[in-house]
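Structure file target_0.pdb; described as PDB, C-alpha atoms.
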ATOM      1  CA  ASP A 187      -0.050-116.048  56.717
ATOM      2  CA  ALA A 188       0.548-116.107  53.012
ATOM      3  CA  GLU A 189       3.025-113.550  51.771
ATOM      4  CA  ILE A 190       5.287-112.434  48.970
ATOM      5  CA  THR A 191       8.986-111.896  49.675
ATOM      6  CA  GLN A 192      11.770-110.340  47.652
ATOM      7  CA  SER A 193      15.504-110.726  48.006
ATOM      8  CA  PRO A 194      17.854-109.070  48.263
ATOM      9  CA  ARG A 195      16.216-105.920  49.613
ATOM     10  CA  HIS A 196      19.253-103.858  48.681
ATOM     11  CA  LYS A 197      22.010-104.569  46.174
ATOM     12  CA  ILE A 198      24.866-102.610  44.678
ATOM     13  CA  THR A 199      26.490-103.964  41.551
ATOM     14  CA  GLU A 200      28.740-102.865  38.729
ATOM     15  CA  THR A 201      27.908-102.196  35.111
ATOM     16  CA  GLY A 202      27.993-105.345  33.015
ATOM     17  CA  ARG A 203      27.407-107.830  35.812
ATOM     18  CA  GLN A 204      24.517-110.262  35.835
ATOM     19  CA  VAL A 205      22.031-109.736  38.655
ATOM     20  CA  THR A 206      19.095-111.847  39.750
ATOM     21  CA  LEU A 207      16.330-110.595  41.993
ATOM     22  CA  ALA A 208      14.263-113.272  43.682
ATOM     23  CA  CYS A 209      10.525-113.241  44.245
ATOM     24  CA  HIS A 210       8.730-115.928  46.233
ATOM     25  CA  GLN A 211       5.030-116.040  47.053
ATOM     26  CA  THR A 212       3.089-118.402  49.245
ATOM     27  CA  TRP A 213      -0.358-117.309  48.053
ATOM     28  CA  ASN A 214      -0.369-120.072  45.416
ATOM     29  CA  HIS A 215      -1.212-117.381  42.870
ATOM     30  CA  ASN A 216      -0.893-118.208  39.203
ATOM     31  CA  ASN A 217      -0.173-114.628  38.149
ATOM     32  CA  MET A 218       3.079-112.846  38.963
ATOM     33  CA  PHE A 219       4.490-109.505  37.845
ATOM     34  CA  TRP A 220       7.685-107.476  38.009
ATOM     35  CA  TYR A 221       7.529-103.677  38.057
ATOM     36  CA  ARG A 222      10.194-101.018  38.375
ATOM     37  CA  GLN A 223       9.516 -97.773  40.186
ATOM     38  CA  ASP A 224      11.251 -94.571  39.168
ATOM     39  CA  LEU A 225      10.596 -90.990  40.185
ATOM     40  CA  GLY A 226       8.132 -89.374  37.804
ATOM     41  CA  HIS A 227       7.262 -92.651  36.104
ATOM     42  CA  GLY A 228       5.318 -94.499  38.748
ATOM     43  CA  LEU A 229       5.373 -98.258  38.253
ATOM     44  CA  ARG A 230       6.220 -99.704  34.878
ATOM     45  CA  LEU A 231       5.648-103.333  34.000
ATOM     46  CA  ILE A 232       8.771-105.306  33.091
ATOM     47  CA  HIS A 233       7.612-108.922  32.723
ATOM     48  CA  TYR A 234       4.675-110.995  33.831
ATOM     49  CA  SER A 235       3.561-114.604  34.016
ATOM     50  CA  TYR A 236       0.144-116.223  34.122
ATOM     51  CA  GLY A 237       1.413-119.648  35.145
ATOM     52  CA  VAL A 238       4.240-122.151  35.085
ATOM     53  CA  GLN A 239       6.286-121.962  31.874
ATOM     54  CA  ASP A 240       4.409-118.806  30.811
ATOM     55  CA  THR A 241       6.254-115.480  30.540
ATOM     56  CA  ASN A 242       5.374-112.241  28.762
ATOM     57  CA  LYS A 243       7.088-108.949  28.079
ATOM     58  CA  GLY A 244       5.835-105.747  29.619
ATOM     59  CA  GLU A 245       6.409-102.171  28.506
ATOM     60  CA  VAL A 246      10.068-101.950  29.648
ATOM     61  CA  SER A 247      11.396-105.483  29.152
ATOM     62  CA  ASP A 248      14.660-104.736  27.312
ATOM     63  CA  GLY A 249      17.659-105.972  29.307
ATOM     64  CA  TYR A 250      15.534-108.150  31.614
ATOM     65  CA  SER A 251      14.432-111.774  31.568
ATOM     66  CA  VAL A 252      12.275-114.009  33.758
ATOM     67  CA  SER A 253      11.584-117.702  34.053
ATOM     68  CA  ARG A 254       8.703-119.524  35.729
ATOM     69  CA  SER A 255       9.558-123.091  36.666
ATOM     70  CA  ASN A 256       7.090-123.351  39.545
ATOM     71  CA  THR A 257       4.089-121.499  40.926
ATOM     72  CA  GLU A 258       5.892-119.846  43.835
ATOM     73  CA  ASP A 259       8.877-118.151  42.172
ATOM     74  CA  LEU A 260       9.494-115.597  39.434
ATOM     75  CA  PRO A 261      13.158-114.519  39.454
ATOM     76  CA  LEU A 262      14.082-111.400  37.485
ATOM     77  CA  THR A 263      17.491-111.423  35.779
ATOM     78  CA  LEU A 264      19.432-108.464  34.453
ATOM     79  CA  GLU A 265      21.765-110.085  31.953
ATOM     80  CA  SER A 266      24.253-107.198  31.860
ATOM     81  CA  ALA A 267      23.404-104.479  34.345
ATOM     82  CA  ALA A 268      23.353-100.881  33.147
ATOM     83  CA  SER A 269      23.210 -97.648  35.134
ATOM     84  CA  SER A 270      19.772 -97.003  33.636
ATOM     85  CA  GLN A 271      18.556-100.048  35.529
ATOM     86  CA  THR A 272      19.200 -98.424  38.891
ATOM     87  CA  SER A 273      15.717 -98.503  40.372
ATOM     88  CA  VAL A 274      13.427-100.028  42.942
ATOM     89  CA  TYR A 275      11.932-103.295  41.755
ATOM     90  CA  PHE A 276       8.618-104.654  42.964
ATOM     91  CA  CYS A 277       7.257-108.123  42.533
ATOM     92  CA  ALA A 278       3.506-108.665  42.739
ATOM     93  CA  SER A 279       1.104-111.557  42.477
ATOM     94  CA  SER A 280      -2.578-112.049  41.913
ATOM     95  CA  GLY A 281      -4.917-114.985  42.052
ATOM     96  CA  ASP A 282      -7.665-113.404  40.057
ATOM     97  CA  ILE A 283      -6.153-110.964  37.594
ATOM     98  CA  ARG A 284      -8.564-111.806  34.828
ATOM     99  CA  ASN A 285     -11.518-110.668  36.896
ATOM    100  CA  THR A 286     -10.469-107.948  39.285
ATOM    101  CA  GLY A 287      -6.838-106.980  38.782
ATOM    102  CA  GLU A 288      -6.016-106.737  42.491
ATOM    103  CA  LEU A 289      -2.293-107.217  43.142
ATOM    104  CA  PHE A 290      -0.328-108.149  46.262
ATOM    105  CA  PHE A 291       3.117-106.546  46.394
ATOM    106  CA  GLY A 292       6.439-107.452  47.924
ATOM    107  CA  GLU A 293       8.427-104.833  49.834
ATOM    108  CA  GLY A 294      10.751-104.070  46.966
ATOM    109  CA  SER A 295      14.390-104.544  45.990
ATOM    110  CA  ARG A 296      16.517-101.447  45.631
ATOM    111  CA  LEU A 297      19.194-101.966  42.982
ATOM    112  CA  THR A 298      22.087 -99.579  42.366
ATOM    113  CA  VAL A 299      24.255-100.091  39.287
ATOM    114  CA  LEU A 300      27.572 -98.242  39.448
TER     115      LEU A 300
ATOM    116  CA  ALA B 206      -3.193 -98.130  24.809
ATOM    117  CA  GLN B 207      -4.616 -97.363  28.194
ATOM    118  CA  SER B 208      -3.024 -94.679  30.311
ATOM    119  CA  VAL B 209      -3.502 -93.121  33.718
ATOM    120  CA  THR B 210      -2.773 -89.498  34.544
ATOM    121  CA  GLN B 211      -2.208 -88.222  38.038
ATOM    122  CA  LEU B 212      -1.949 -84.487  37.631
ATOM    123  CA  ASP B 213      -0.293 -83.677  40.939
ATOM    124  CA  SER B 214       3.096 -85.109  41.821
ATOM    125  CA  GLN B 215       2.885 -83.781  45.375
ATOM    126  CA  VAL B 216       0.033 -82.478  47.504
ATOM    127  CA  PRO B 217       0.914 -80.746  50.794
ATOM    128  CA  VAL B 218      -1.951 -80.333  53.255
ATOM    129  CA  PHE B 219      -2.389 -79.521  56.915
ATOM    130  CA  GLU B 220      -3.647 -82.123  59.350
ATOM    131  CA  GLU B 221      -7.455 -82.325  59.618
ATOM    132  CA  ALA B 222      -7.895 -80.527  56.287
ATOM    133  CA  PRO B 223      -9.713 -82.174  53.359
ATOM    134  CA  VAL B 224      -7.766 -83.495  50.398
ATOM    135  CA  GLU B 225      -8.442 -84.610  46.837
ATOM    136  CA  LEU B 226      -5.964 -86.563  44.724
ATOM    137  CA  ARG B 227      -6.846 -86.469  41.057
ATOM    138  CA  CYS B 228      -6.799 -89.368  38.621
ATOM    139  CA  ASN B 229      -7.899 -89.517  35.007
ATOM    140  CA  TYR B 230      -7.718 -92.499  32.730
ATOM    141  CA  SER B 231      -8.035 -93.094  29.026
ATOM    142  CA  SER B 232     -10.159 -95.992  27.948
ATOM    143  CA  SER B 233     -13.113 -96.580  25.718
ATOM    144  CA  VAL B 234     -14.112 -99.849  27.332
ATOM    145  CA  SER B 235     -15.280-100.967  30.720
ATOM    146  CA  VAL B 236     -12.535-100.657  33.292
ATOM    147  CA  TYR B 237     -11.663-101.632  36.788
ATOM    148  CA  LEU B 238     -10.123 -98.808  38.806
ATOM    149  CA  PHE B 239      -7.875 -98.920  41.846
ATOM    150  CA  TRP B 240      -6.080 -96.735  44.337
ATOM    151  CA  TYR B 241      -2.965 -98.167  45.948
ATOM    152  CA  VAL B 242      -1.013 -96.596  48.811
ATOM    153  CA  GLN B 243       2.715 -96.901  49.451
ATOM    154  CA  TYR B 244       4.082 -96.012  52.878
ATOM    155  CA  PRO B 245       7.812 -95.232  53.143
ATOM    156  CA  ASN B 246      10.086 -98.202  52.410
ATOM    157  CA  GLN B 247       7.167-100.514  51.801
ATOM    158  CA  GLY B 248       5.407-102.127  48.873
ATOM    159  CA  LEU B 249       2.056-100.996  47.552
ATOM    160  CA  GLN B 250      -1.176-101.904  49.320
ATOM    161  CA  LEU B 251      -4.666-101.809  47.875
ATOM    162  CA  LEU B 252      -6.628 -98.879  49.301
ATOM    163  CA  LEU B 253      -9.908 -99.214  47.405
ATOM    164  CA  LYS B 254     -11.286-100.417  44.099
ATOM    165  CA  TYR B 255     -14.170 -99.921  41.704
ATOM    166  CA  LEU B 256     -15.311-102.980  39.802
ATOM    167  CA  SER B 257     -19.009-102.312  39.183
ATOM    168  CA  GLY B 258     -22.157-101.111  40.922
ATOM    169  CA  SER B 259     -22.129 -98.003  43.089
ATOM    170  CA  THR B 260     -19.812 -95.366  41.676
ATOM    171  CA  LEU B 261     -18.727 -94.279  45.168
ATOM    172  CA  VAL B 262     -16.342 -96.643  46.906
ATOM    173  CA  GLU B 263     -14.837 -96.315  50.362
ATOM    174  CA  SER B 264     -11.826 -97.599  52.247
ATOM    175  CA  ILE B 265     -11.684 -98.647  55.891
ATOM    176  CA  ASN B 266      -9.583 -95.617  56.867
ATOM    177  CA  GLY B 267     -11.891 -92.887  55.620
ATOM    178  CA  PHE B 268     -10.829 -92.434  52.001
ATOM    179  CA  GLU B 269     -13.392 -92.536  49.213
ATOM    180  CA  ALA B 270     -13.273 -92.367  45.431
ATOM    181  CA  GLU B 271     -15.958 -91.741  42.864
ATOM    182  CA  PHE B 272     -16.009 -93.292  39.427
ATOM    183  CA  ASN B 273     -17.107 -90.725  36.845
ATOM    184  CA  LYS B 274     -17.467 -92.382  33.459
ATOM    185  CA  SER B 275     -18.275 -89.210  31.517
ATOM    186  CA  GLN B 276     -15.164 -87.453  32.822
ATOM    187  CA  THR B 277     -13.067 -90.640  32.891
ATOM    188  CA  SER B 278     -11.979 -89.791  36.411
ATOM    189  CA  PHE B 279     -11.516 -91.635  39.686
ATOM    190  CA  HIS B 280     -10.471 -88.950  42.188
ATOM    191  CA  LEU B 281      -9.556 -89.920  45.738
ATOM    192  CA  ARG B 282     -10.863 -87.831  48.636
ATOM    193  CA  LYS B 283     -10.685 -87.685  52.386
ATOM    194  CA  PRO B 284     -12.582 -85.090  54.445
ATOM    195  CA  SER B 285      -9.980 -84.874  57.228
ATOM    196  CA  VAL B 286      -6.423 -86.193  56.875
ATOM    197  CA  HIS B 287      -4.062 -87.425  59.573
ATOM    198  CA  ILE B 288      -0.289 -87.326  59.804
ATOM    199  CA  SER B 289      -0.342 -91.092  59.274
ATOM    200  CA  ASP B 290      -1.878 -90.597  55.812
ATOM    201  CA  THR B 291       1.454 -89.270  54.565
ATOM    202  CA  ALA B 292       2.351 -91.666  51.743
ATOM    203  CA  GLU B 293       2.444 -92.010  47.990
ATOM    204  CA  TYR B 294      -0.824 -92.818  46.283
ATOM    205  CA  PHE B 295      -1.111 -94.557  42.936
ATOM    206  CA  CYS B 296      -4.139 -94.737  40.702
ATOM    207  CA  ALA B 297      -4.361 -97.791  38.428
ATOM    208  CA  VAL B 298      -6.641 -99.100  35.701
ATOM    209  CA  LYS B 299      -7.320-102.513  34.245
ATOM    210  CA  GLY B 300      -9.329-102.751  31.064
ATOM    211  CA  SER B 301      -9.701-105.395  28.411
ATOM    212  CA  SER B 302      -6.105-106.549  28.795
ATOM    213  CA  TYR B 303      -5.006-108.472  31.842
ATOM    214  CA  LYS B 304      -2.432-105.909  32.904
ATOM    215  CA  LEU B 305      -2.703-103.236  35.572
ATOM    216  CA  ILE B 306      -1.528 -99.813  34.376
ATOM    217  CA  PHE B 307      -0.348 -97.371  37.037
ATOM    218  CA  GLY B 308      -0.189 -93.593  37.145
ATOM    219  CA  SER B 309       2.994 -91.789  38.121
ATOM    220  CA  GLY B 310       1.862 -91.350  41.724
ATOM    221  CA  THR B 311       0.969 -88.462  44.040
ATOM    222  CA  ARG B 312       2.903 -87.865  47.212
ATOM    223  CA  LEU B 313       0.556 -86.736  49.995
ATOM    224  CA  LEU B 314       2.408 -84.769  52.640
ATOM    225  CA  VAL B 315       0.373 -84.048  55.768
ATOM    226  CA  ARG B 316       1.773 -81.308  57.974
ATOM    227  CA  PRO B 317       0.903 -80.717  61.637
TER     228      PRO B 317
END
For the file at hand, write its structure as C-alpha coordinates.
Amino acid sequence: DAEITQSPRHKITETGRQVTLACHQTWNHNNMFWYRQDLGHGLRLIHYSYGVQDTNKGEVSDGYSVSRSNTEDLPLTLESAASSQTSVYFCASSGDIRNTGELFFGEGSRLTVL
Amino acid sequence: AQSVTQLDSQVPVFEEAPVELRCNYSSSVSVYLFWYVQYPNQGLQLLLKYLSGSTLVESINGFEAEFNKSQTSFHLRKPSVHISDTAEYFCAVKGSSYKLIFGSGTRLLVRP
(Lines of atoms letter the chains of each structure in order from A and count residues from 1; the text may use other names and numbers.)
(Lines give C-alpha, C1' and ligand atoms only; values in the text may rest on other atoms or scores of the structure.)
Protein backbone atom coordinates (compact mmCIF):
# COMPACT_ATOMS: atom_id res chain seq x y z
CA ASP A 1 0.00 0.00 0.00
CA ALA A 2 1.07 3.52 -0.72
CA GLU A 3 2.03 5.54 2.32
CA ILE A 4 3.78 8.59 3.67
CA THR A 5 6.53 8.16 6.26
CA GLN A 6 8.37 10.62 8.45
CA SER A 7 11.68 10.25 10.23
CA PRO A 8 12.78 10.56 12.88
CA ARG A 9 9.58 10.20 14.90
CA HIS A 10 11.22 11.78 17.92
CA LYS A 11 14.28 14.01 18.15
CA ILE A 12 15.90 16.09 20.84
CA THR A 13 18.43 18.69 19.78
CA GLU A 14 20.17 21.76 21.11
CA THR A 15 19.65 25.39 20.23
CA GLY A 16 21.65 26.43 17.19
CA ARG A 17 22.02 23.00 15.63
CA GLN A 18 20.83 22.18 12.15
CA VAL A 19 18.04 19.60 12.00
CA THR A 20 16.49 17.85 9.03
CA LEU A 21 13.18 16.03 9.16
CA ALA A 22 12.56 13.57 6.37
CA CYS A 23 9.31 12.96 4.55
CA HIS A 24 8.88 10.21 1.97
CA GLN A 25 5.69 9.31 0.12
CA THR A 26 4.95 6.47 -2.22
CA TRP A 27 1.64 7.86 -3.50
CA ASN A 28 3.44 9.53 -6.43
CA HIS A 29 1.71 12.76 -5.40
CA ASN A 30 2.94 16.00 -6.88
CA ASN A 31 1.86 18.11 -3.91
CA MET A 32 3.57 17.95 -0.53
CA PHE A 33 3.21 20.06 2.61
CA TRP A 34 4.85 20.59 5.98
CA TYR A 35 2.76 21.70 8.96
CA ARG A 36 3.60 22.26 12.60
CA GLN A 37 1.09 21.51 15.33
CA ASP A 38 1.06 23.49 18.55
CA LEU A 39 -1.48 23.60 21.34
CA GLY A 40 -4.05 26.30 20.69
CA HIS A 41 -2.85 26.91 17.14
CA GLY A 42 -3.93 23.78 15.33
CA LEU A 43 -1.88 23.11 12.21
CA ARG A 44 0.07 25.91 10.59
CA LEU A 45 1.58 25.63 7.14
CA ILE A 46 5.36 25.96 6.98
CA HIS A 47 6.30 25.18 3.37
CA TYR A 48 4.72 23.43 0.43
CA SER A 49 5.60 22.14 -3.01
CA TYR A 50 3.53 21.47 -6.10
CA GLY A 51 6.22 19.48 -7.89
CA VAL A 52 9.90 18.84 -8.41
CA GLN A 53 12.00 22.00 -8.03
CA ASP A 54 8.94 23.93 -6.78
CA THR A 55 8.84 25.24 -3.20
CA ASN A 56 6.68 27.90 -1.55
CA LYS A 57 6.54 29.59 1.82
CA GLY A 58 3.61 29.07 4.13
CA GLU A 59 2.42 31.23 7.01
CA VAL A 60 5.24 30.29 9.44
CA SER A 61 8.25 29.71 7.18
CA ASP A 62 10.89 31.76 9.03
CA GLY A 63 13.77 29.55 10.18
CA TYR A 64 12.76 26.65 7.91
CA SER A 65 13.70 25.56 4.41
CA VAL A 66 12.70 22.75 2.05
CA SER A 67 13.97 21.33 -1.20
CA ARG A 68 12.23 19.12 -3.75
CA SER A 69 14.65 17.16 -5.90
CA ASN A 70 12.28 14.29 -6.65
CA THR A 71 8.59 13.47 -6.40
CA GLU A 72 8.84 11.24 -3.33
CA ASP A 73 10.74 13.40 -0.83
CA LEU A 74 10.34 16.80 0.82
CA PRO A 75 12.88 17.19 3.64
CA LEU A 76 12.35 20.03 6.11
CA THR A 77 15.49 21.73 7.45
CA LEU A 78 15.80 23.93 10.50
CA GLU A 79 18.97 25.87 9.78
CA SER A 80 19.60 26.89 13.40
CA ALA A 81 17.13 25.33 15.79
CA ALA A 82 15.41 27.57 18.33
CA SER A 83 13.34 26.65 21.38
CA SER A 84 10.32 28.20 19.66
CA GLN A 85 10.58 25.45 17.08
CA THR A 86 9.80 22.75 19.62
CA SER A 87 6.68 21.24 18.10
CA VAL A 88 5.16 18.28 16.34
CA TYR A 89 5.75 18.39 12.61
CA PHE A 90 3.47 16.75 10.07
CA CYS A 91 4.16 16.08 6.45
CA ALA A 92 1.24 15.64 4.07
CA SER A 93 0.73 14.95 0.40
CA SER A 94 -2.05 15.26 -2.11
CA GLY A 95 -2.53 14.18 -5.68
CA ASP A 96 -5.38 16.51 -6.41
CA ILE A 97 -5.00 19.63 -4.31
CA ARG A 98 -6.20 21.95 -7.01
CA ASN A 99 -9.59 20.27 -7.12
CA THR A 100 -10.44 18.84 -3.74
CA GLY A 101 -7.80 19.69 -1.16
CA GLU A 102 -7.77 16.25 0.47
CA LEU A 103 -4.47 15.57 2.24
CA PHE A 104 -2.78 12.35 3.38
CA PHE A 105 -0.71 12.79 6.54
CA GLY A 106 2.34 11.13 8.00
CA GLU A 107 2.40 10.15 11.67
CA GLY A 108 4.39 13.16 12.75
CA SER A 109 7.85 14.03 14.05
CA ARG A 110 8.11 15.36 17.58
CA LEU A 111 11.02 17.78 17.88
CA THR A 112 12.33 19.15 21.17
CA VAL A 113 14.88 21.98 21.09
CA LEU A 114 16.71 22.46 24.39
CA ALA B 1 -7.24 35.77 4.13
CA GLN B 2 -9.33 32.75 4.90
CA SER B 3 -9.67 31.59 8.47
CA VAL B 4 -11.37 28.80 10.38
CA THR B 5 -12.73 29.14 13.89
CA GLN B 6 -13.42 26.21 16.15
CA LEU B 7 -15.06 27.74 19.18
CA ASP B 8 -14.55 24.87 21.60
CA SER B 9 -11.08 23.67 22.50
CA GLN B 10 -12.46 20.68 24.40
CA VAL B 11 -15.85 18.99 24.50
CA PRO B 12 -16.47 16.40 27.24
CA VAL B 13 -19.46 14.12 26.70
CA PHE B 14 -20.78 10.87 28.10
CA GLU B 15 -20.86 7.74 26.00
CA GLU B 16 -24.01 7.34 23.87
CA ALA B 17 -24.83 11.05 24.19
CA PRO B 18 -25.09 13.30 21.11
CA VAL B 19 -22.34 15.76 20.30
CA GLU B 20 -21.82 18.79 18.09
CA LEU B 21 -18.41 20.26 17.28
CA ARG B 22 -18.68 23.77 15.90
CA CYS B 23 -16.79 25.21 12.94
CA ASN B 24 -17.12 28.58 11.27
CA TYR B 25 -15.11 29.84 8.36
CA SER B 26 -14.53 33.18 6.72
CA SER B 27 -14.68 33.28 2.97
CA SER B 28 -16.55 35.16 0.33
CA VAL B 29 -15.95 32.61 -2.40
CA SER B 30 -16.86 29.02 -3.01
CA VAL B 31 -15.07 26.72 -0.60
CA TYR B 32 -14.34 23.11 0.02
CA LEU B 33 -14.78 22.09 3.65
CA PHE B 34 -13.26 19.21 5.57
CA TRP B 35 -13.23 17.54 8.95
CA TYR B 36 -10.09 15.63 9.90
CA VAL B 37 -9.67 13.43 12.97
CA GLN B 38 -6.45 12.80 14.88
CA TYR B 39 -6.25 9.84 17.25
CA PRO B 40 -3.53 9.91 19.93
CA ASN B 41 0.02 9.75 18.57
CA GLN B 42 -1.17 9.56 14.99
CA GLY B 43 -1.40 11.82 11.97
CA LEU B 44 -4.63 13.35 10.74
CA GLN B 45 -7.15 11.32 8.76
CA LEU B 46 -9.94 12.65 6.59
CA LEU B 47 -13.31 12.14 8.27
CA LEU B 48 -15.64 13.78 5.74
CA LYS B 49 -15.70 16.53 3.16
CA TYR B 50 -18.05 18.90 1.37
CA LEU B 51 -17.17 19.76 -2.20
CA SER B 52 -20.55 20.47 -3.80
CA GLY B 53 -24.08 19.11 -4.05
CA SER B 54 -25.96 17.99 -0.96
CA THR B 55 -25.16 20.19 2.01
CA LEU B 56 -25.30 17.22 4.40
CA VAL B 57 -22.32 14.90 4.24
CA GLU B 58 -21.72 11.74 6.23
CA SER B 59 -18.79 9.62 7.31
CA ILE B 60 -18.66 5.83 7.53
CA ASN B 61 -18.58 5.87 11.34
CA GLY B 62 -21.76 7.84 11.96
CA PHE B 63 -20.57 11.44 11.92
CA GLU B 64 -22.28 14.01 9.73
CA ALA B 65 -21.71 17.67 8.91
CA GLU B 66 -23.93 20.25 7.29
CA PHE B 67 -22.68 23.05 5.10
CA ASN B 68 -24.55 26.26 5.88
CA LYS B 69 -23.52 28.97 3.45
CA SER B 70 -25.55 31.77 5.04
CA GLN B 71 -24.01 31.13 8.46
CA THR B 72 -20.61 30.14 7.04
CA SER B 73 -20.63 27.07 9.25
CA PHE B 74 -19.77 23.40 8.89
CA HIS B 75 -20.63 21.86 12.28
CA LEU B 76 -19.87 18.20 12.94
CA ARG B 77 -22.47 16.05 14.69
CA LYS B 78 -22.94 12.53 15.91
CA PRO B 79 -26.18 11.31 17.53
CA SER B 80 -24.49 8.78 19.84
CA VAL B 81 -20.76 8.80 20.59
CA HIS B 82 -18.52 5.90 21.58
CA ILE B 83 -15.41 5.79 23.74
CA SER B 84 -13.44 5.15 20.55
CA ASP B 85 -14.49 8.57 19.20
CA THR B 86 -12.18 10.23 21.70
CA ALA B 87 -9.78 12.21 19.50
CA GLU B 88 -8.98 15.68 18.27
CA TYR B 89 -11.08 16.99 15.42
CA PHE B 90 -9.94 19.64 12.97
CA CYS B 91 -12.09 21.65 10.61
CA ALA B 92 -10.38 22.88 7.44
CA VAL B 93 -11.23 25.03 4.44
CA LYS B 94 -9.84 25.36 0.95
CA GLY B 95 -10.96 28.28 -1.17
CA SER B 96 -9.53 29.99 -4.20
CA SER B 97 -5.95 29.35 -3.10
CA TYR B 98 -4.48 25.89 -3.24
CA LYS B 99 -3.77 25.71 0.47
CA LEU B 100 -5.76 23.98 3.19
CA ILE B 101 -6.35 26.18 6.24
CA PHE B 102 -7.00 24.42 9.54
CA GLY B 103 -8.82 25.47 12.68
CA SER B 104 -7.20 25.16 16.09
CA GLY B 105 -8.90 21.83 16.81
CA THR B 106 -11.48 20.49 19.27
CA ARG B 107 -10.61 17.69 21.63
CA LEU B 108 -13.58 15.33 22.03
CA LEU B 109 -13.41 13.45 25.31
CA VAL B 110 -15.95 10.65 25.64
CA ARG B 111 -16.50 9.41 29.17
CA PRO B 112 -18.07 6.09 30.17
Selection result of the PyMOL selection byres ((chain B) within 12 of (chain A)) on this file, as a PDB file with C-alpha atoms, in the coordinates of the input:
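And here is the file that came out, out35.pdb:
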ATOM      1  CA  ALA B 206      -3.193 -98.130  24.809  1.00  0.00           C
ATOM      2  CA  SER B 208      -3.024 -94.679  30.311  1.00  0.00           C
ATOM      3  CA  VAL B 209      -3.502 -93.121  33.718  1.00  0.00           C
ATOM      4  CA  THR B 210      -2.773 -89.498  34.544  1.00  0.00           C
ATOM      5  CA  GLN B 211      -2.208 -88.222  38.038  1.00  0.00           C
ATOM      6  CA  LEU B 212      -1.949 -84.487  37.631  1.00  0.00           C
ATOM      7  CA  ASP B 213      -0.293 -83.677  40.939  1.00  0.00           C
ATOM      8  CA  SER B 214       3.096 -85.109  41.821  1.00  0.00           C
ATOM      9  CA  GLN B 215       2.885 -83.781  45.375  1.00  0.00           C
ATOM     10  CA  VAL B 236     -12.535-100.657  33.292  1.00  0.00           C
ATOM     11  CA  TYR B 237     -11.663-101.632  36.788  1.00  0.00           C
ATOM     12  CA  LEU B 238     -10.123 -98.808  38.806  1.00  0.00           C
ATOM     13  CA  PHE B 239      -7.875 -98.920  41.846  1.00  0.00           C
ATOM     14  CA  TRP B 240      -6.080 -96.735  44.337  1.00  0.00           C
ATOM     15  CA  TYR B 241      -2.965 -98.167  45.948  1.00  0.00           C
ATOM     16  CA  VAL B 242      -1.013 -96.596  48.811  1.00  0.00           C
ATOM     17  CA  GLN B 243       2.715 -96.901  49.451  1.00  0.00           C
ATOM     18  CA  TYR B 244       4.082 -96.012  52.878  1.00  0.00           C
ATOM     19  CA  PRO B 245       7.812 -95.232  53.143  1.00  0.00           C
ATOM     20  CA  ASN B 246      10.086 -98.202  52.410  1.00  0.00           C
ATOM     21  CA  GLN B 247       7.167-100.514  51.801  1.00  0.00           C
ATOM     22  CA  GLY B 248       5.407-102.127  48.873  1.00  0.00           C
ATOM     23  CA  LEU B 249       2.056-100.996  47.552  1.00  0.00           C
ATOM     24  CA  GLN B 250      -1.176-101.904  49.320  1.00  0.00           C
ATOM     25  CA  LEU B 251      -4.666-101.809  47.875  1.00  0.00           C
ATOM     26  CA  LEU B 252      -6.628 -98.879  49.301  1.00  0.00           C
ATOM     27  CA  LEU B 253      -9.908 -99.214  47.405  1.00  0.00           C
ATOM     28  CA  LYS B 254     -11.286-100.417  44.099  1.00  0.00           C
ATOM     29  CA  TYR B 255     -14.170 -99.921  41.704  1.00  0.00           C
ATOM     30  CA  LEU B 256     -15.311-102.980  39.802  1.00  0.00           C
ATOM     31  CA  SER B 257     -19.009-102.312  39.183  1.00  0.00           C
ATOM     32  CA  GLU B 293       2.444 -92.010  47.990  1.00  0.00           C
ATOM     33  CA  TYR B 294      -0.824 -92.818  46.283  1.00  0.00           C
ATOM     34  CA  PHE B 295      -1.111 -94.557  42.936  1.00  0.00           C
ATOM     35  CA  CYS B 296      -4.139 -94.737  40.702  1.00  0.00           C
ATOM     36  CA  ALA B 297      -4.361 -97.791  38.428  1.00  0.00           C
ATOM     37  CA  VAL B 298      -6.641 -99.100  35.701  1.00  0.00           C
ATOM     38  CA  LYS B 299      -7.320-102.513  34.245  1.00  0.00           C
ATOM     39  CA  GLY B 300      -9.329-102.751  31.064  1.00  0.00           C
ATOM     40  CA  SER B 301      -9.701-105.395  28.411  1.00  0.00           C
ATOM     41  CA  SER B 302      -6.105-106.549  28.795  1.00  0.00           C
ATOM     42  CA  TYR B 303      -5.006-108.472  31.842  1.00  0.00           C
ATOM     43  CA  LYS B 304      -2.432-105.909  32.904  1.00  0.00           C
ATOM     44  CA  LEU B 305      -2.703-103.236  35.572  1.00  0.00           C
ATOM     45  CA  ILE B 306      -1.528 -99.813  34.376  1.00  0.00           C
ATOM     46  CA  PHE B 307      -0.348 -97.371  37.037  1.00  0.00           C
ATOM     47  CA  GLY B 308      -0.189 -93.593  37.145  1.00  0.00           C
ATOM     48  CA  SER B 309       2.994 -91.789  38.121  1.00  0.00           C
ATOM     49  CA  GLY B 310       1.862 -91.350  41.724  1.00  0.00           C
ATOM     50  CA  THR B 311       0.969 -88.462  44.040  1.00  0.00           C
ATOM     51  CA  ARG B 312       2.903 -87.865  47.212  1.00  0.00           C
TER      52      ARG B 312
END
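The set of residues that the PyMOL selection byres ((chain A and resi 248-250) around 9) takes from this file is Ile232, His233, Lys243, Glu245, Val246, Ser247, Ser251, Val252, Leu262, Thr263, Leu264, Glu265, Ser266, Ala267, Ala268 and Gln271 of chain A.
The space between atom CA of Asn214 of chain A and atom CA of Glu258 of chain A spans 6.5 Å.
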**Request:** Evaluate the PyMOL selection byres ((chain B and resi 221) around 6) on the structure here and hand back the selected residues as a list of chain:residue names.
**Result:** B:Glu220, B:Ala222, B:Ser285, B:Val286
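Coordinates place atom CA of Thr298 of chain A at a distance of 17.0 Å from atom CA of Trp220 of chain A.
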**Asked** Just how far from atom CA of Ser278 of chain B is atom CA of Val216 of chain B, in Å to one decimal?
**Response** 17.9 Å
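Residue nearest Ala208 of chain A, chosen from A:Ser235, A:Ser280, A:Pro194, A:Asn256 and counting only C-alpha atoms: A:Pro194.
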**Prompt:** Hey, what's within 7 Å of Glu200 of chain A if we count all atoms listed in the file and toss same-chain stuff fewer than 2 positions away? As a PyMOL selection string, please?
**Reply:** chain A and resi 202-203+299-300
Those residues with C-alpha atoms, as a PDB file, in the coordinates of the input please?
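Output saved as selection21.pdb:
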ATOM      1  CA  GLY A 202      27.993-105.345  33.015  1.00  0.00           C
ATOM      2  CA  ARG A 203      27.407-107.830  35.812  1.00  0.00           C
ATOM      3  CA  VAL A 299      24.255-100.091  39.287  1.00  0.00           C
ATOM      4  CA  LEU A 300      27.572 -98.242  39.448  1.00  0.00           C
TER       5      LEU A 300
END
